[in-house]
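> Sharing a structure with you now.
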Amino acid sequence: MTIARRRLLGTAAALPVAGLAAPAIAQSGPLKIGMITTLSGPGAALGNDIRDGFNLVVKNAGGRLGGVPVEVVVADDALRPENGRAIAERMVRRERIGVLTGIVFSNVMLAAAPVILPSATYVSANAGPSQLAGEQCNANYFNVAWQNDNLHEAVGQYVTQKGLQKAFLVAPNYPAGRDALTGFKRFFKGEVVSETYTRLDQLDYAAELAAIRSAAPDAVYIFLPGGLGINFIKQYAAAGLRARTPLFGPGFSFDQDVLPAVGDDALGCFNSSQWALDLPLPANRQFVDTFEAEYRRLPSLYASQGYDAALLIGSAIAATRGRVGDRAAFAAALKRADFQSVRGSFKFGNNNHPIQTIYMREVVKDGQGRVVNRTIATAFEAHQDAYAAQCKLPA
Amino acid sequence: MTATLFAEQTLNGLQFGVMLFLMAAGLTLIFGIMDVINLAHGSLYMAGAFVGGTVTARTGSFLLGVVAGAAAGALIALLLELTVIRRLYRRDHLDQVLATYALILTFNEGVKVIWGPAPIFLAAPEMLSGTVEILPGVPYPAYRLAVICAGVAAALFLGWLIGRTRTGMLIRAGTTHRETVQALGVDVGVLFALVFAIGGALAGLAGVMAGPVLAVQVGMGEQILILAFVVIVVGGLGSVKGAMAGALLVGLADTWARAFLPVLLRGLLPPSSADQVAANLGSVAVYLLMAVVLAVRPQGLFPRHA
């Protein structure tokens, strides 16, 4: 990494002339940052948290990132890839915005990336499709959250560490669902008693729950995003299974966007995340306290990712003194990841995806009777995704 | 595959069917009797769940929440009938679809403005949150048994209202012989507003009853609306009896396919492809059922105007 850093610094140092020659951002107003995110439809809570986390950093710094006044231009993709692509075209080509962030869902990300990456820099605060981590990795694409498989891999690892032998897996029948279970199985060494794929619009899980009871596994792993997870967790608890078989999932089904809606039914469930509410780090305490004071709710992992995306972009703006148009220098500054992440140690691998710790959390009640996560273990330290080797970018 | 597991899965299917019936009953009344395609029926369901959830949280009483949810459904339906739907009776179905689709978008945004984008909390009351041992070794969620009771009660009430009361008679007559009923001095406008309010109350009730089992979130109505349309097409438009039969068939087909296809296919295929094929087949089971019923009985199982 030291070598990589030096090489990148070298590249950056060789570039100031080019940087000056490139049309410096017209300093007629604040530096614009484009945020394409999902603010309507079933995924709205996710985009809402990413936006609020990002804006909190800007607000705490008096409307600046990295010392430069910024304007965050927000647009709603409504979870439609064609919308995301059209917004990206508008922001990059018409408004000439040089830095973009905010996309929640991988299908939107994959549609917008070909429009954004030829002329702007993108920092992903959520979506981490395997394509952009592997063969299609890009020097101007950074992911500050995770590669899609990471949280699933962490639970597979933890369930194996715990010596649980038989696992029952449930995911929706669509590409991300199958990828999720592949991620889990990559690190799970026990026996998979069933890999059940459900409908993406499924409401009732009684049939699957009866099958789980009859199979009597040692662990149940679900990847059921949003409302699907809420349906499943409520019905799992009502069926009396929570006391018999521990329920595991990625942090997506067990964070502050859904826990208030599920309530006590989620207590005792285990989930993985690169961040947790109770991580005892000064940066995290400041984040959680200011977020709660500003928005009157607890932040989710999505909010932490939006917050970190703003800190990361701010660090690169500071290093380049706002010249985001010099893309090589800006990317080199981003790759240094010179910011205090709310999750602690963080660095980028060769493919511009995180190398980071992934924690296991248990859903508990806090002192105020709120249903929250408590960190109980570390599944991985310095974990890198499985696709980095396919990426041709230098380390 | 044991007999108890089969019995349990069958009960699961019936319970899911009853939940679908609550939703489909109102839809079939409005679609079948008034000939209006009301896509916003799912929005009434969502409104019932959100109002029911809020009232339950404020008062601590789930029963009050249920009453409030049904009342909200009825009230909003009445307002909709007076302001929008009334203008659509004589227009074709495409206009109705357009107008009520716009209502869906309006309601979804409205709920987001009032309650925010995150799902809200609604749990079963304490006394129904446990399980009941219905068969030896098969604990069954008490709340799901309560849903079955509520659905059966709603069915009996509707059957009595439509089949045995003077109002019901007028509603039936108003559909088939509208002018005659008007000539007899009955205000058909009031009658149709009443039907719409009853349908709304049922949707609101379905929403709040579904709350402890399903996520209470923006867009929840559209998910169940599609299944409810399948139910009323299978059962026959406008028939409450048909809605019940259709709902139970759809519930059973859906649950049996999901429960037993993986087991059957694992005997024929390697496990990984068996799971995949079962998932794909299970997700179309309901639509296969609808296709078969339409092929054999295009009017549905219990057509109103047979």
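In the structure tokens, chains take the letters A, B, ... in the order shown, each chain's residues start at 1, and ligands count up from 1 in the order shown.
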I need the residues of region 61-283 of chain B that end up classed as strand (DSSP E or B) by DSSP on the backbone, written out as a list in words.
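DSSP-assigned strand (DSSP E or B) residues in region 61-283 of chain B: Ile120, Thr131, Val132, Glu133, Ile134, Leu135, Val138, Pro139, Tyr140, Pro141 and Val216 of chain B.
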> Now that the selection is made, can you save its residues with N, CA and C atoms as a PDB file, in the first residue's frame?

```pdb
ATOM      1  N   ILE B 120     -43.698   1.881   9.089  1.00  0.00           N
ATOM      2  CA  ILE B 120     -44.065   2.146  10.486  1.00  0.00           C
ATOM      3  C   ILE B 120     -44.384   0.845  11.216  1.00  0.00           C
ATOM      4  N   THR B 131     -48.204 -18.506  20.132  1.00  0.00           N
ATOM      5  CA  THR B 131     -48.617 -19.562  19.210  1.00  0.00           C
ATOM      6  C   THR B 131     -49.593 -20.504  19.923  1.00  0.00           C
ATOM      7  N   VAL B 132     -50.402 -21.187  19.110  1.00  0.00           N
ATOM      8  CA  VAL B 132     -51.356 -22.167  19.624  1.00  0.00           C
ATOM      9  C   VAL B 132     -50.991 -23.500  19.006  1.00  0.00           C
ATOM     10  N   GLU B 133     -50.976 -24.567  19.811  1.00  0.00           N
ATOM     11  CA  GLU B 133     -50.635 -25.873  19.248  1.00  0.00           C
ATOM     12  C   GLU B 133     -51.888 -26.477  18.621  1.00  0.00           C
ATOM     13  N   ILE B 134     -52.025 -26.355  17.300  1.00  0.00           N
ATOM     14  CA  ILE B 134     -53.242 -26.829  16.638  1.00  0.00           C
ATOM     15  C   ILE B 134     -53.201 -28.327  16.390  1.00  0.00           C
ATOM     16  N   LEU B 135     -51.985 -28.847  16.145  1.00  0.00           N
ATOM     17  CA  LEU B 135     -51.790 -30.289  15.987  1.00  0.00           C
ATOM     18  C   LEU B 135     -50.598 -30.623  16.870  1.00  0.00           C
ATOM     19  N   VAL B 138     -47.163 -28.916  16.228  1.00  0.00           N
ATOM     20  CA  VAL B 138     -47.276 -27.838  15.243  1.00  0.00           C
ATOM     21  C   VAL B 138     -47.820 -26.573  15.905  1.00  0.00           C
ATOM     22  N   PRO B 139     -46.921 -25.716  16.389  1.00  0.00           N
ATOM     23  CA  PRO B 139     -47.400 -24.444  16.930  1.00  0.00           C
ATOM     24  C   PRO B 139     -47.836 -23.547  15.785  1.00  0.00           C
ATOM     25  N   TYR B 140     -48.959 -22.874  15.943  1.00  0.00           N
ATOM     26  CA  TYR B 140     -49.453 -22.004  14.874  1.00  0.00           C
ATOM     27  C   TYR B 140     -49.660 -20.605  15.444  1.00  0.00           C
ATOM     28  N   PRO B 141     -49.256 -19.563  14.712  1.00  0.00           N
ATOM     29  CA  PRO B 141     -49.385 -18.208  15.271  1.00  0.00           C
ATOM     30  C   PRO B 141     -50.848 -17.875  15.590  1.00  0.00           C
ATOM     31  N   VAL B 216     -45.745  -2.394   6.998  1.00  0.00           N
ATOM     32  CA  VAL B 216     -46.626  -1.253   6.758  1.00  0.00           C
ATOM     33  C   VAL B 216     -45.770  -0.165   6.135  1.00  0.00           C
TER      34      VAL B 216
END
```
> Can you pull out every residue within 12 Å of Cys149 (chain B), counting only C-alpha atoms, but drop anything in the same chain fewer than 6 positions away, and send it as a PDB file with C-alpha atoms, in the first residue's frame?

```
ATOM      1  CA  LEU B  14     -56.344 -21.125   3.730  1.00  0.00           C
ATOM      2  CA  GLN B  15     -55.134 -18.357   6.047  1.00  0.00           C
ATOM      3  CA  VAL B  18     -58.698 -15.389   3.871  1.00  0.00           C
ATOM      4  CA  MET B  19     -56.335 -12.423   4.028  1.00  0.00           C
ATOM      5  CA  LEU B  22     -60.622  -9.260   2.833  1.00  0.00           C
ATOM      6  CA  ALA B 142     -52.456 -17.142  17.247  1.00  0.00           C
ATOM      7  CA  TYR B 143     -52.747 -13.950  15.247  1.00  0.00           C
ATOM      8  CA  ALA B 155     -67.643 -12.965   4.522  1.00  0.00           C
ATOM      9  CA  LEU B 156     -70.731 -13.883   6.525  1.00  0.00           C
ATOM     10  CA  MET B 209     -55.286  -6.753   9.865  1.00  0.00           C
TER      11      MET B 209
END
```
> Please produce, as JSON lines, a per-residue contact table for chain B versus chain A (criterion: any atom at most 7 Å away, only C-alpha atoms considered), showing the nearest atom pair and its distance in Å to one decimal, sorted by chain then residue number.

```
{"residue": "B:Gln9", "atom": "CA", "partner": "A:Ala207", "partner_atom": "CA", "distance": 6.0}
{"residue": "B:Asn12", "atom": "CA", "partner": "A:Ala206", "partner_atom": "CA", "distance": 5.9}
{"residue": "B:Pro117", "atom": "CA", "partner": "A:Ala45", "partner_atom": "CA", "distance": 5.0}
{"residue": "B:Ala118", "atom": "CA", "partner": "A:Ala45", "partner_atom": "CA", "distance": 5.0}
{"residue": "B:Pro119", "atom": "CA", "partner": "A:Ala261", "partner_atom": "CA", "distance": 5.7}
{"residue": "B:Ile120", "atom": "CA", "partner": "A:Ala261", "partner_atom": "CA", "distance": 4.6}
{"residue": "B:Phe121", "atom": "CA", "partner": "A:Ala261", "partner_atom": "CA", "distance": 3.8}
{"residue": "B:Ser129", "atom": "CA", "partner": "A:Ala238", "partner_atom": "CA", "distance": 6.3}
{"residue": "B:Gly130", "atom": "CA", "partner": "A:Ala238", "partner_atom": "CA", "distance": 6.5}
{"residue": "B:Thr131", "atom": "CA", "partner": "A:Gly240", "partner_atom": "CA", "distance": 6.6}
{"residue": "B:Tyr140", "atom": "CA", "partner": "A:Ala239", "partner_atom": "CA", "distance": 6.1}
{"residue": "B:Pro141", "atom": "CA", "partner": "A:Ala239", "partner_atom": "CA", "distance": 5.2}
{"residue": "B:Val213", "atom": "CA", "partner": "A:Gln235", "partner_atom": "CA", "distance": 5.9}
{"residue": "B:Leu214", "atom": "CA", "partner": "A:Asn231", "partner_atom": "CA", "distance": 4.4}
{"residue": "B:Ala215", "atom": "CA", "partner": "A:Gly227", "partner_atom": "CA", "distance": 5.3}
{"residue": "B:Val218", "atom": "CA", "partner": "A:Pro42", "partner_atom": "CA", "distance": 6.3}
{"residue": "B:Gly219", "atom": "CA", "partner": "A:Pro42", "partner_atom": "CA", "distance": 6.3}
{"residue": "B:Gln223", "atom": "CA", "partner": "A:Asp201", "partner_atom": "CA", "distance": 6.5}
{"residue": "B:Thr255", "atom": "CA", "partner": "A:Ala207", "partner_atom": "CA", "distance": 5.7}
{"residue": "B:Arg258", "atom": "CA", "partner": "A:Ala207", "partner_atom": "CA", "distance": 6.3}
{"residue": "B:Ala259", "atom": "CA", "partner": "A:Ala207", "partner_atom": "CA", "distance": 5.2}
{"residue": "B:Asp275", "atom": "CA", "partner": "A:Thr196", "partner_atom": "CA", "distance": 6.2}
{"residue": "B:Gln276", "atom": "CA", "partner": "A:Tyr197", "partner_atom": "CA", "distance": 6.8}
{"residue": "B:Ala279", "atom": "CA", "partner": "A:Tyr197", "partner_atom": "CA", "distance": 5.4}
{"residue": "B:Ser283", "atom": "CA", "partner": "A:Arg199", "partner_atom": "CA", "distance": 6.0}
```
> Pick out the residues sitting within 10 Å of Arg361 (chain A), and hand them over as number ranges by chain; count only C-alpha atoms, and ignore anything fewer than 2 positions along from it in its own chain.
A: 248, 250-251, 254, 268-273, 275-278, 358-359, 363-364, 372-379
> Find the residues near region 284-296 of chain B: any atom within 6 Å, counting only C-alpha atoms, skip ones fewer than 4 places away on the same chain, and give them as number ranges by chain.
B: 234, 250, 254
> Do you have the CA of Gln217 (chain B)-CA of Ala88 (chain A) distance handy?
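Pair CA of Gln217 (chain B) / CA of Ala88 (chain A) returns 28.4 Å.
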> For Ile36 (chain A), work out the shell of residues within 12 Å, counting only C-alpha atoms and skipping chain neighbours fewer than 6 positions away, then give it as a CSV table (one decimal) with N, CA and C atoms, in the first residue's frame.

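Saved the output as result_33.csv:
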```
chain,number,residue,atom,x,y,z
A,47,GLY,N,-32.4,6.0,0.3
A,47,GLY,CA,-31.8,7.2,-0.3
A,47,GLY,C,-32.0,8.4,0.6
A,48,ASN,N,-33.1,8.4,1.4
A,48,ASN,CA,-33.3,9.5,2.4
A,48,ASN,C,-32.2,9.6,3.4
A,50,ILE,N,-29.1,8.2,3.1
A,50,ILE,CA,-27.8,8.6,2.4
A,50,ILE,C,-27.7,10.1,2.2
A,51,ARG,N,-28.8,10.7,1.7
A,51,ARG,CA,-28.8,12.1,1.5
A,51,ARG,C,-28.6,12.9,2.9
A,72,VAL,N,-25.1,20.7,-2.9
A,72,VAL,CA,-25.4,19.4,-3.2
A,72,VAL,C,-26.7,19.4,-4.1
A,73,VAL,N,-26.6,18.9,-5.3
A,73,VAL,CA,-27.8,18.9,-6.2
A,73,VAL,C,-28.4,17.5,-6.2
A,74,VAL,N,-29.6,17.4,-5.6
A,74,VAL,CA,-30.2,16.1,-5.3
A,74,VAL,C,-31.3,15.8,-6.4
A,75,ALA,N,-31.3,14.5,-6.9
A,75,ALA,CA,-32.3,14.1,-7.8
A,75,ALA,C,-32.8,12.7,-7.5
A,76,ASP,N,-34.0,12.4,-7.7
A,76,ASP,CA,-34.6,11.1,-7.3
A,76,ASP,C,-34.7,10.2,-8.5
A,77,ASP,N,-34.1,9.0,-8.4
A,77,ASP,CA,-34.1,8.1,-9.6
A,77,ASP,C,-35.3,7.2,-9.5
A,78,ALA,N,-36.1,7.2,-8.4
A,78,ALA,CA,-37.3,6.4,-8.2
A,78,ALA,C,-37.0,4.9,-8.5
A,79,LEU,N,-35.8,4.5,-8.2
A,79,LEU,CA,-35.3,3.1,-8.4
A,79,LEU,C,-35.5,2.6,-9.9
A,80,ARG,N,-35.4,3.6,-10.8
A,80,ARG,CA,-35.5,3.2,-12.2
A,80,ARG,C,-34.2,3.4,-12.9
A,81,PRO,N,-33.6,2.4,-13.5
A,81,PRO,CA,-32.3,2.6,-14.1
A,81,PRO,C,-32.3,3.7,-15.2
A,83,ASN,N,-34.2,6.3,-15.3
A,83,ASN,CA,-34.2,7.6,-14.7
A,83,ASN,C,-32.8,8.0,-14.2
A,84,GLY,N,-32.1,7.0,-13.6
A,84,GLY,CA,-30.7,7.3,-13.1
A,84,GLY,C,-29.8,7.7,-14.2
A,85,ARG,N,-30.0,7.0,-15.4
A,85,ARG,CA,-29.1,7.3,-16.5
A,85,ARG,C,-29.4,8.8,-17.1
A,86,ALA,N,-30.7,9.1,-17.1
A,86,ALA,CA,-31.1,10.4,-17.7
A,86,ALA,C,-30.6,11.5,-16.7
A,87,ILE,N,-30.8,11.3,-15.4
A,87,ILE,CA,-30.3,12.3,-14.5
A,87,ILE,C,-28.8,12.5,-14.6
A,88,ALA,N,-28.1,11.3,-14.7
A,88,ALA,CA,-26.6,11.4,-14.9
A,88,ALA,C,-26.2,12.2,-16.1
A,89,GLU,N,-27.0,12.0,-17.2
A,89,GLU,CA,-26.7,12.7,-18.5
A,89,GLU,C,-26.8,14.2,-18.2
A,90,ARG,N,-28.0,14.6,-17.6
A,90,ARG,CA,-28.2,16.0,-17.3
A,90,ARG,C,-27.1,16.6,-16.5
A,91,MET,N,-26.8,15.9,-15.4
A,91,MET,CA,-25.8,16.5,-14.4
A,91,MET,C,-24.4,16.6,-15.0
A,92,VAL,N,-24.0,15.5,-15.8
A,92,VAL,CA,-22.6,15.5,-16.3
A,92,VAL,C,-22.5,16.3,-17.5
A,97,ILE,N,-21.3,18.8,-13.9
A,97,ILE,CA,-20.9,18.5,-12.5
A,97,ILE,C,-19.8,17.4,-12.6
A,99,VAL,N,-18.3,15.7,-9.8
A,99,VAL,CA,-18.3,14.7,-8.7
A,99,VAL,C,-19.7,14.3,-8.5
A,100,LEU,N,-20.0,13.0,-8.5
A,100,LEU,CA,-21.3,12.5,-8.2
A,100,LEU,C,-21.3,11.4,-7.2
A,101,THR,N,-22.5,11.2,-6.6
A,101,THR,CA,-22.6,10.1,-5.5
A,101,THR,C,-24.1,9.8,-5.3
A,102,GLY,N,-24.3,8.9,-4.4
A,102,GLY,CA,-25.7,8.7,-3.9
A,102,GLY,C,-26.5,7.5,-4.4
A,103,ILE,N,-26.1,6.9,-5.5
A,103,ILE,CA,-27.0,5.8,-6.1
A,103,ILE,C,-27.1,4.7,-5.1
A,104,VAL,N,-28.4,4.2,-4.9
A,104,VAL,CA,-28.6,3.2,-3.9
A,104,VAL,C,-28.5,1.8,-4.5
A,105,PHE,N,-29.1,1.6,-5.7
A,105,PHE,CA,-29.3,0.2,-6.2
A,105,PHE,C,-28.4,-0.1,-7.3
A,108,VAL,N,-29.4,0.6,-11.0
A,108,VAL,CA,-29.3,2.0,-11.4
A,108,VAL,C,-27.9,2.4,-11.6
A,109,MET,N,-27.0,1.9,-10.7
A,109,MET,CA,-25.6,2.2,-10.8
A,109,MET,C,-25.0,1.7,-12.2
A,112,ALA,N,-26.1,4.0,-15.0
A,112,ALA,CA,-25.6,5.4,-15.0
A,112,ALA,C,-24.1,5.4,-15.2
A,113,ALA,N,-23.4,4.4,-14.8
A,113,ALA,CA,-21.9,4.4,-14.8
A,113,ALA,C,-21.3,4.8,-16.2
A,116,ILE,N,-21.5,8.5,-16.6
A,116,ILE,CA,-20.8,9.3,-15.6
A,116,ILE,C,-19.3,9.2,-15.8
A,122,TYR,N,-17.0,9.3,-9.7
A,122,TYR,CA,-18.2,8.8,-8.9
A,122,TYR,C,-17.7,8.2,-7.6
A,123,VAL,N,-18.4,8.5,-6.5
A,123,VAL,CA,-18.1,7.9,-5.2
A,123,VAL,C,-19.4,7.2,-4.8
A,124,SER,N,-19.4,5.9,-4.8
A,124,SER,CA,-20.6,5.1,-4.4
A,124,SER,C,-20.7,5.1,-2.9
A,125,ALA,N,-21.9,5.5,-2.5
A,125,ALA,CA,-22.2,5.4,-1.0
A,125,ALA,C,-23.1,4.2,-0.7
A,126,ASN,N,-23.3,3.4,-1.7
A,126,ASN,CA,-24.1,2.1,-1.4
A,126,ASN,C,-23.8,1.0,-2.4
A,127,ALA,N,-24.4,1.2,-3.6
A,127,ALA,CA,-24.3,0.1,-4.6
A,127,ALA,C,-22.9,-0.3,-4.8
A,306,GLY,N,-23.4,7.6,3.6
A,306,GLY,CA,-23.6,8.9,3.0
A,306,GLY,C,-22.6,9.9,3.7
```
